[in-house]
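Asker: One structure, as structure tokens, below. Some questions next.
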Amino acid sequence: MTPEEFKKAIVTIPKERLAELPAASYKGNIVTIDSARNFEEALNALREAPIIGFDTETRPSFRKGQHFDVALIQLATPDSCYLFRTNIIGFPQQLKEILEDPDKLKVGLSIHDDFHNLRKATEIEPQCFIDLQAYVKDFKIADNSLSRLYGILFGERISKGQRLSNWEAAELTQPQKEYAALDAAACIKIYTFLSQGKFKPEESPYLTLPPEPETL
């Protein structure tokens, strides 16, 4: 690839190649917060963490006009993920303060949608967030889904099999917990990998020239 071609090139993983990758799994500690029992312990760990991975889950709607509030907020540290079941415990002020803390770095993906859904339940102005969808553009990465980003950088596929499961169920299943934890933890892993200069677009097997625009 010539220097001129490299300027135009993008990093993108084809759907077929993504499907061939081995499945990723979450290997950290998962703590479910559905009562006051371990709430403060989780908050203390998050306050001390150097970075927090962020995601939310909402019960899917299968009927037109039906909407649900955010049921789960996932906040991950480098070694643990805390699953706050907001459909059960509500939205405590201490949790809101972490999301609004201007000095605590938080990383998510497509966070505008998460914030929009959170504001349906409470007034909140999240601060000190990095949205990976914008951040990866500086690395010539054209894809913006979490699964594709993870596949490009780590050669593993994040399964979305639990995405449309019931996040308001009385008890979350282990697959639900692992799926939710991986989504938040993956944000930390992606950001850290990129910010430390470990990804070189010119060496990626997924570097390609974008298709030429069709002419009439």
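Chain identifiers are assigned as A, B, and so on, following the order in which chains appear in the structure tokens; residues are numbered from 1 within each chain, and ligands are numbered from 1 in order of appearance.
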Compile a residue-level contact table for range 55-134 of chain A against range 138-153 of chain A at a cut-off of 12 Å, reporting for every qualifying residue the shortest atom pair and its distance in Å to one decimal, with only C-alpha atoms counted, rows ordered by chain and ascending number, as a Markdown table.
Answerer:
| residue | atom | partner | partner_atom | distance |
| --- | --- | --- | --- | --- |
| A:Asp55 | CA | A:Leu146 | CA | 11.0 |
| A:Gly108 | CA | A:Leu146 | CA | 9.5 |
| A:Leu109 | CA | A:Leu146 | CA | 7.1 |
| A:Ser110 | CA | A:Asn144 | CA | 8.5 |
| A:Ile111 | CA | A:Leu146 | CA | 12.0 |
| A:Asp131 | CA | A:Asn144 | CA | 10.2 |
| A:Leu132 | CA | A:Asn144 | CA | 7.7 |
| A:Gln133 | CA | A:Asn144 | CA | 5.1 |
| A:Ala134 | CA | A:Asp138 | CA | 8.0 |
Asker: Compile the contact shell of range 24-28 of chain A as a PyMOL selection string: residues with an atom at most 12 Å away, counting only C-alpha atoms, same-chain residues fewer than 5 positions apart removed.
Answerer: chain A and resi 18-19+76-82+146-148+150-151+154-160+174-186+189
Asker: Those residues with N, CA and C atoms, as a tab-separated table (two decimals), in the first residue's frame please?
Answerer:
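Generated output (selection_32.tsv):
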chain	number	residue	atom	x	y	z
A	18	LEU	N	-15.60	-11.59	11.32
A	18	LEU	CA	-15.95	-11.41	12.73
A	18	LEU	C	-16.61	-12.68	13.27
A	19	ALA	N	-17.50	-13.27	12.49
A	19	ALA	CA	-18.23	-14.47	12.92
A	19	ALA	C	-17.31	-15.66	13.13
A	76	ALA	N	-17.54	-0.88	35.44
A	76	ALA	CA	-16.42	-1.81	35.59
A	76	ALA	C	-15.15	-1.09	36.01
A	77	THR	N	-14.36	-1.74	36.85
A	77	THR	CA	-13.01	-1.32	37.16
A	77	THR	C	-12.09	-2.28	36.39
A	78	PRO	N	-10.78	-2.09	36.44
A	78	PRO	CA	-9.91	-3.02	35.71
A	78	PRO	C	-10.03	-4.48	36.12
A	79	ASP	N	-10.56	-4.77	37.32
A	79	ASP	CA	-10.63	-6.17	37.74
A	79	ASP	C	-12.02	-6.65	38.17
A	80	SER	N	-12.99	-5.75	38.24
A	80	SER	CA	-14.33	-6.14	38.68
A	80	SER	C	-15.39	-5.38	37.89
A	81	CYS	N	-16.60	-5.91	37.90
A	81	CYS	CA	-17.72	-5.19	37.29
A	81	CYS	C	-18.90	-5.22	38.25
A	82	TYR	N	-19.47	-4.06	38.47
A	82	TYR	CA	-20.59	-3.89	39.40
A	82	TYR	C	-21.87	-3.65	38.60
A	146	LEU	N	-19.19	-2.32	19.45
A	146	LEU	CA	-18.27	-2.87	20.43
A	146	LEU	C	-17.71	-4.21	19.96
A	147	SER	N	-18.56	-5.04	19.39
A	147	SER	CA	-18.12	-6.36	18.93
A	147	SER	C	-17.06	-6.25	17.84
A	148	ARG	N	-17.26	-5.34	16.90
A	148	ARG	CA	-16.30	-5.18	15.82
A	148	ARG	C	-14.98	-4.58	16.33
A	150	TYR	N	-13.71	-4.86	19.30
A	150	TYR	CA	-13.03	-5.91	20.08
A	150	TYR	C	-12.40	-6.94	19.15
A	151	GLY	N	-13.11	-7.28	18.08
A	151	GLY	CA	-12.58	-8.24	17.12
A	151	GLY	C	-11.34	-7.72	16.42
A	154	PHE	N	-8.48	-7.44	19.39
A	154	PHE	CA	-8.10	-8.58	20.22
A	154	PHE	C	-8.39	-9.94	19.59
A	155	GLY	N	-8.93	-9.95	18.38
A	155	GLY	CA	-9.16	-11.22	17.71
A	155	GLY	C	-10.17	-12.12	18.38
A	156	GLU	N	-11.11	-11.52	19.10
A	156	GLU	CA	-12.19	-12.27	19.75
A	156	GLU	C	-13.52	-11.59	19.46
A	157	ARG	N	-14.58	-12.39	19.52
A	157	ARG	CA	-15.92	-11.91	19.19
A	157	ARG	C	-16.76	-11.80	20.45
A	158	ILE	N	-17.39	-10.64	20.65
A	158	ILE	CA	-18.32	-10.47	21.76
A	158	ILE	C	-19.71	-10.90	21.30
A	159	SER	N	-20.22	-11.95	21.89
A	159	SER	CA	-21.54	-12.45	21.52
A	159	SER	C	-22.62	-11.50	22.01
A	160	LYS	N	-23.63	-11.30	21.17
A	160	LYS	CA	-24.75	-10.43	21.53
A	160	LYS	C	-26.02	-11.25	21.83
A	174	GLN	N	-26.63	-16.24	34.90
A	174	GLN	CA	-25.18	-16.08	34.80
A	174	GLN	C	-24.76	-15.59	33.41
A	175	PRO	N	-25.34	-16.14	32.32
A	175	PRO	CA	-25.00	-15.59	31.00
A	175	PRO	C	-25.33	-14.11	30.86
A	176	GLN	N	-26.43	-13.66	31.45
A	176	GLN	CA	-26.75	-12.23	31.42
A	176	GLN	C	-25.68	-11.41	32.14
A	177	LYS	N	-25.29	-11.89	33.32
A	177	LYS	CA	-24.29	-11.16	34.11
A	177	LYS	C	-22.97	-11.08	33.37
A	178	GLU	N	-22.55	-12.19	32.78
A	178	GLU	CA	-21.27	-12.21	32.07
A	178	GLU	C	-21.31	-11.33	30.83
A	179	TYR	N	-22.42	-11.34	30.13
A	179	TYR	CA	-22.59	-10.48	28.96
A	179	TYR	C	-22.51	-9.01	29.36
A	180	ALA	N	-23.25	-8.63	30.41
A	180	ALA	CA	-23.28	-7.24	30.86
A	180	ALA	C	-21.91	-6.79	31.35
A	181	ALA	N	-21.23	-7.64	32.09
A	181	ALA	CA	-19.91	-7.29	32.62
A	181	ALA	C	-18.90	-7.13	31.49
A	182	LEU	N	-18.95	-8.02	30.52
A	182	LEU	CA	-17.99	-7.96	29.42
A	182	LEU	C	-18.15	-6.67	28.62
A	183	ASP	N	-19.37	-6.23	28.40
A	183	ASP	CA	-19.60	-5.01	27.63
A	183	ASP	C	-18.93	-3.81	28.29
A	184	ALA	N	-19.06	-3.70	29.61
A	184	ALA	CA	-18.46	-2.56	30.31
A	184	ALA	C	-16.95	-2.70	30.41
A	185	ALA	N	-16.48	-3.90	30.73
A	185	ALA	CA	-15.04	-4.13	30.87
A	185	ALA	C	-14.32	-3.97	29.53
A	186	ALA	N	-14.98	-4.35	28.44
A	186	ALA	CA	-14.36	-4.23	27.12
A	186	ALA	C	-14.04	-2.78	26.78
A	189	LYS	N	-10.71	-2.03	28.27
A	189	LYS	CA	-9.65	-2.74	27.56
A	189	LYS	C	-9.35	-2.08	26.22
Asker: In terms of the shortest atom-to-atom distance over only C-alpha atoms, which of A:Pro50, A:Pro14, A:Pro201, A:Gly90 is closest to Lys137 in chain A?
Answerer: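 Among the listed residues, A:Pro201 lies closest to Lys137 in chain A.
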Asker: Taking only C-alpha atoms into account, which of A:Ala169, A:Val107, A:Met1, A:Leu75 comes nearest Asn29 in chain A?
Answerer: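 Ranked by minimum distance to Asn29 in chain A, first place goes to A:Leu75.
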Asker: From a DSSP pass on the backbone, collect the residues of range 2-190 of chain A flagged as alpha helix (DSSP H) and hand them back as a ChimeraX atom specification.
Answerer: /A:3-8,15-20,39-48,86-89,93-100,111-118,132-135,146-154,174-190
Asker: Which residues in range 50-102 of chain A does DSSP call strand (DSSP E or B)? List them as an MDAnalysis selection string.
Answerer: chainID A and resid 52:58 70:76 80:84
